[in-house]
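**Student:** Below is a structure I'd like to ask you about.
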Amino acid sequence: QQQVKQSPQSLIVQKGGISIINCAYENTAFDYFPWYQQFPGKGPALLIAIRPDVSEKKEGRFTISFNKSAKQFSLHIMDSQPGDSATYFCAARGGGSNYKLTFGKGTLLTVNP
Amino acid sequence: GAGVSQSPSNKVTEKGKDVELRCDPISGHTALYWYRQSLGQGLEFLIYFQGNSAPDKSGLPSDRFSAERTGGSVSTLTIQRTQQEDSAVYLCASRPIAGVFTFGPGTRLTVL
């Protein structure tokens, strides 16, 4: 059972465009939703995160939109740059004392110059 | 060091051999996690250590996999009798109390 579904698997965007990656979850106990960015040969690094009591969070060019009723959240990268080319993972953390992260399968983003 | 370190960075082994992968978490981080990253499969949870509590082993795929964490710091993931399907990148992460995960660079395991 895949608890966090991520789409698309890959995405190609032109420099300056908007990149949008979507995730859907099933477990309503999840209480924290981070996005991770991973470059080749490196471990994933936290990019931005949101809690379910907030519908949107923005940090620079990166925005998370969260729809609790639909159990969906998405990452928007504005003014995409070639340096943003990486694999992006959404994740969800179990509620209460359960601090495990469940990850989506990742999206390979390529930003063409 | 400032981050999570893992060793070796790459490991090539023959089918049937045992391997040990090491993780040095950030000093003071009470929680330590192992994840496996296979091509196109995202990150798969393996095991979670929190302080002196019993580890959560619910993600270990078979009894060939085991892990320990000595003195609440360094952790070793052991895979016995390796199989080709064990080939993956093994990622370690640590976390302070109620804090965010920090991942290490991973160990790429190739089983021939």
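We name chains A, B, ... following the order of the structure tokens; residues begin at 1 in each chain, and ligands are numbered from 1 as shown.
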Hey, which bits of chain B sit within 8 Å of chain A, and for each residue what's the closest pair of atoms and how far apart in Å (one decimal), counting only C-alpha atoms, rows by chain and increasing number, as JSON lines?
**Tutor:**
```
{"residue": "B:Gly40", "atom": "CA", "partner": "A:Lys105", "partner_atom": "CA", "distance": 6.4}
{"residue": "B:Gln41", "atom": "CA", "partner": "A:Lys105", "partner_atom": "CA", "distance": 5.1}
{"residue": "B:Gly42", "atom": "CA", "partner": "A:Lys105", "partner_atom": "CA", "distance": 3.8}
{"residue": "B:Leu43", "atom": "CA", "partner": "A:Phe103", "partner_atom": "CA", "distance": 5.8}
{"residue": "B:Glu44", "atom": "CA", "partner": "A:Phe103", "partner_atom": "CA", "distance": 7.4}
{"residue": "B:Phe45", "atom": "CA", "partner": "A:Thr102", "partner_atom": "CA", "distance": 7.3}
{"residue": "B:Tyr48", "atom": "CA", "partner": "A:Lys100", "partner_atom": "CA", "distance": 7.6}
{"residue": "B:Leu91", "atom": "CA", "partner": "A:Gly43", "partner_atom": "CA", "distance": 7.1}
{"residue": "B:Phe101", "atom": "CA", "partner": "A:Leu46", "partner_atom": "CA", "distance": 7.6}
{"residue": "B:Thr102", "atom": "CA", "partner": "A:Ala45", "partner_atom": "CA", "distance": 6.9}
{"residue": "B:Phe103", "atom": "CA", "partner": "A:Gly43", "partner_atom": "CA", "distance": 5.5}
{"residue": "B:Gly104", "atom": "CA", "partner": "A:Gly43", "partner_atom": "CA", "distance": 5.4}
{"residue": "B:Pro105", "atom": "CA", "partner": "A:Gly43", "partner_atom": "CA", "distance": 4.2}
{"residue": "B:Gly106", "atom": "CA", "partner": "A:Gly43", "partner_atom": "CA", "distance": 6.1}
```
**Student:** Please list as a list in words every residue within 10 Å of Gly16 (chain A), counting only C-alpha atoms and excluding residues in the same chain fewer than 5 positions away.
**Tutor:**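 Contacts, with the query itself left out: Ile77, Met78, Asp79, Ser80, Gln81, Pro82, Val111, Asn112 and Pro113 of chain A.
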**Student:** Taking the backbone alone, and naming residues the way the document does, which bits of region 31-94 of chain B are helix (DSSP H, G or I) by DSSP, as a list in words?
**Tutor:**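 Output for region 31-94 of chain B, helix (DSSP H, G or I) only: Thr70, Gly71, Gly72, Gln84, Glu85 and Asp86 of chain B.
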**Student:** Quick one: of B:Arg108, B:His29, B:Arg36, B:Arg95, who's nearest to Gly72 (chain B), counting only C-alpha atoms?
**Tutor:**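 Comparing B:Arg108, B:His29, B:Arg36, B:Arg95 against Gly72 (chain B), the winner is B:His29.
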**Student:** So which residues touch region 24-29 of chain A within 6 Å, counting only C-alpha atoms, skipping near sequence neighbours fewer than 4 positions away, as a VMD selection string?
**Tutor:** chain A and resid 3 to 5 71 to 72 95
**Student:** Restricting the output to all heavy atoms, write the selected residues as a PDB file, in the first residue's frame.
**Tutor:**
```pdb
ATOM      1  N   GLN A   3       1.309   4.887   0.653  1.00  0.00           N
ATOM      2  CA  GLN A   3       0.565   5.861   1.429  1.00  0.00           C
ATOM      3  C   GLN A   3       0.724   7.279   0.913  1.00  0.00           C
ATOM      4  O   GLN A   3      -0.089   8.139   1.239  1.00  0.00           O
ATOM      5  CB  GLN A   3       0.994   5.790   2.881  1.00  0.00           C
ATOM      6  CG  GLN A   3       0.612   4.479   3.560  1.00  0.00           C
ATOM      7  CD  GLN A   3       0.649   4.619   5.053  1.00  0.00           C
ATOM      8  OE1 GLN A   3       0.042   5.515   5.624  1.00  0.00           O
ATOM      9  NE2 GLN A   3       1.397   3.741   5.696  1.00  0.00           N
ATOM     10  N   VAL A   4       1.789   7.554   0.163  1.00  0.00           N
ATOM     11  CA  VAL A   4       2.016   8.878  -0.419  1.00  0.00           C
ATOM     12  C   VAL A   4       2.293   8.696  -1.906  1.00  0.00           C
ATOM     13  O   VAL A   4       3.268   8.049  -2.270  1.00  0.00           O
ATOM     14  CB  VAL A   4       3.192   9.610   0.256  1.00  0.00           C
ATOM     15  CG1 VAL A   4       3.401  10.971  -0.390  1.00  0.00           C
ATOM     16  CG2 VAL A   4       2.944   9.768   1.750  1.00  0.00           C
ATOM     17  N   LYS A   5       1.402   9.228  -2.726  1.00  0.00           N
ATOM     18  CA  LYS A   5       1.527   9.092  -4.177  1.00  0.00           C
ATOM     19  C   LYS A   5       1.986  10.411  -4.767  1.00  0.00           C
ATOM     20  O   LYS A   5       1.369  11.446  -4.514  1.00  0.00           O
ATOM     21  CB  LYS A   5       0.203   8.657  -4.797  1.00  0.00           C
ATOM     22  CG  LYS A   5      -0.235   7.273  -4.366  1.00  0.00           C
ATOM     23  CD  LYS A   5      -1.518   6.850  -5.052  1.00  0.00           C
ATOM     24  CE  LYS A   5      -1.920   5.441  -4.618  1.00  0.00           C
ATOM     25  NZ  LYS A   5      -3.186   5.004  -5.262  1.00  0.00           N
ATOM     26  N   LYS A  71      -6.816  15.822   0.818  1.00  0.00           N
ATOM     27  CA  LYS A  71      -5.607  15.065   1.188  1.00  0.00           C
ATOM     28  C   LYS A  71      -4.562  15.152   0.076  1.00  0.00           C
ATOM     29  O   LYS A  71      -4.019  14.130  -0.383  1.00  0.00           O
ATOM     30  CB  LYS A  71      -5.955  13.624   1.544  1.00  0.00           C
ATOM     31  CG  LYS A  71      -6.797  13.530   2.806  1.00  0.00           C
ATOM     32  CD  LYS A  71      -6.988  12.098   3.292  1.00  0.00           C
ATOM     33  CE  LYS A  71      -7.991  11.369   2.444  1.00  0.00           C
ATOM     34  NZ  LYS A  71      -8.316  10.031   2.955  1.00  0.00           N
ATOM     35  N   GLN A  72      -4.323  16.385  -0.355  1.00  0.00           N
ATOM     36  CA  GLN A  72      -3.347  16.621  -1.411  1.00  0.00           C
ATOM     37  C   GLN A  72      -2.469  17.809  -1.042  1.00  0.00           C
ATOM     38  O   GLN A  72      -2.922  18.738  -0.348  1.00  0.00           O
ATOM     39  CB  GLN A  72      -4.050  16.901  -2.741  1.00  0.00           C
ATOM     40  CG  GLN A  72      -4.848  15.724  -3.277  1.00  0.00           C
ATOM     41  CD  GLN A  72      -5.620  16.077  -4.529  1.00  0.00           C
ATOM     42  OE1 GLN A  72      -5.791  17.252  -4.873  1.00  0.00           O
ATOM     43  NE2 GLN A  72      -6.075  15.061  -5.240  1.00  0.00           N
ATOM     44  N   GLY A  95       1.551  10.767  12.812  1.00  0.00           N
ATOM     45  CA  GLY A  95       1.143  11.646  13.898  1.00  0.00           C
ATOM     46  C   GLY A  95       1.554  11.133  15.260  1.00  0.00           C
ATOM     47  O   GLY A  95       2.069  10.024  15.407  1.00  0.00           O
TER      48      GLY A  95
END
```
**Student:** Within 10 Å of Lys11 (chain B), counting only C-alpha atoms, which residues show up once you throw out same-chain ones fewer than 4 positions away? Write them as a PyMOL selection string, please.
**Tutor:** chain B and resi 7+19-21+87+89+107-111
**Student:** For CA of Thr30 (chain B) and CA of Asp63 (chain B), quote the distance in Å rounded to one decimal.
**Tutor:** 25.4 Å
**Student:** How many Å lie between CA of Asp53 (chain A) and CA of Ser74 (chain A), rounded to one decimal?
**Tutor:**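 The value is 15.2 Å.
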**Student:** As a PyMOL selection string, which residues of chain A does DSSP assign to strand (DSSP E)?
**Tutor:** chain A and resi 4-7+10-14+19-25+33-38+45-50+56-59+62-67+72-77+86-93+101-103+107-112
**Student:** How far is it from CA of Lys15 (chain B) to CA of Lys57 (chain B), in Å with one decimal?
**Tutor:**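 It comes out at 23.9 Å.
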**Student:** So, counting only C-alpha atoms, which residue among B:Gln84, B:Ser73, B:Leu112, B:Tyr35 is closest to Leu60 (chain B)?
**Tutor:**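 Ranking B:Gln84, B:Ser73, B:Leu112, B:Tyr35 by distance to Leu60 (chain B), first place goes to B:Tyr35.
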**Student:** Might you pull out every residue within 7 Å of Tyr32 (chain A), with only C-alpha atoms counted and same-chain residues fewer than 3 positions away left off, and present them as a PyMOL selection string?
**Tutor:** chain A and resi 50-52+92-93
**Student:** What's around Ile48 (chain A) at 10 Å? Count only C-alpha atoms, leave out sequence neighbours fewer than 4 positions away in its own chain, and write the answer as a PyMOL selection string.
**Tutor:** chain A and resi 33-37+57-59+62-64+75+90
**Student:** For the selection you just gave me, I'd like the residues written to a file as an mmCIF file, in the first residue's frame, keeping C-alpha atoms.
**Tutor:**
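Output saved as again32.cif:
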```
data_model
loop_
_atom_site.group_PDB
_atom_site.id
_atom_site.type_symbol
_atom_site.label_atom_id
_atom_site.label_comp_id
_atom_site.auth_asym_id
_atom_site.auth_seq_id
_atom_site.Cartn_x
_atom_site.Cartn_y
_atom_site.Cartn_z
ATOM 1 C CA PHE A 33 4.480 17.353 5.215
ATOM 2 C CA PRO A 34 8.055 18.130 4.106
ATOM 3 C CA TRP A 35 9.574 18.315 0.662
ATOM 4 C CA TYR A 36 13.114 17.136 0.077
ATOM 5 C CA GLN A 37 15.525 18.011 -2.741
ATOM 6 C CA LYS A 57 3.625 28.274 2.866
ATOM 7 C CA LYS A 58 6.085 30.252 0.811
ATOM 8 C CA GLU A 59 9.858 30.441 1.100
ATOM 9 C CA PHE A 62 9.236 27.673 -3.347
ATOM 10 C CA THR A 63 5.602 27.362 -2.256
ATOM 11 C CA ILE A 64 3.665 24.476 -0.749
ATOM 12 C CA LEU A 75 5.193 22.076 -4.509
ATOM 13 C CA CYS A 90 7.319 14.721 -0.895
#
```
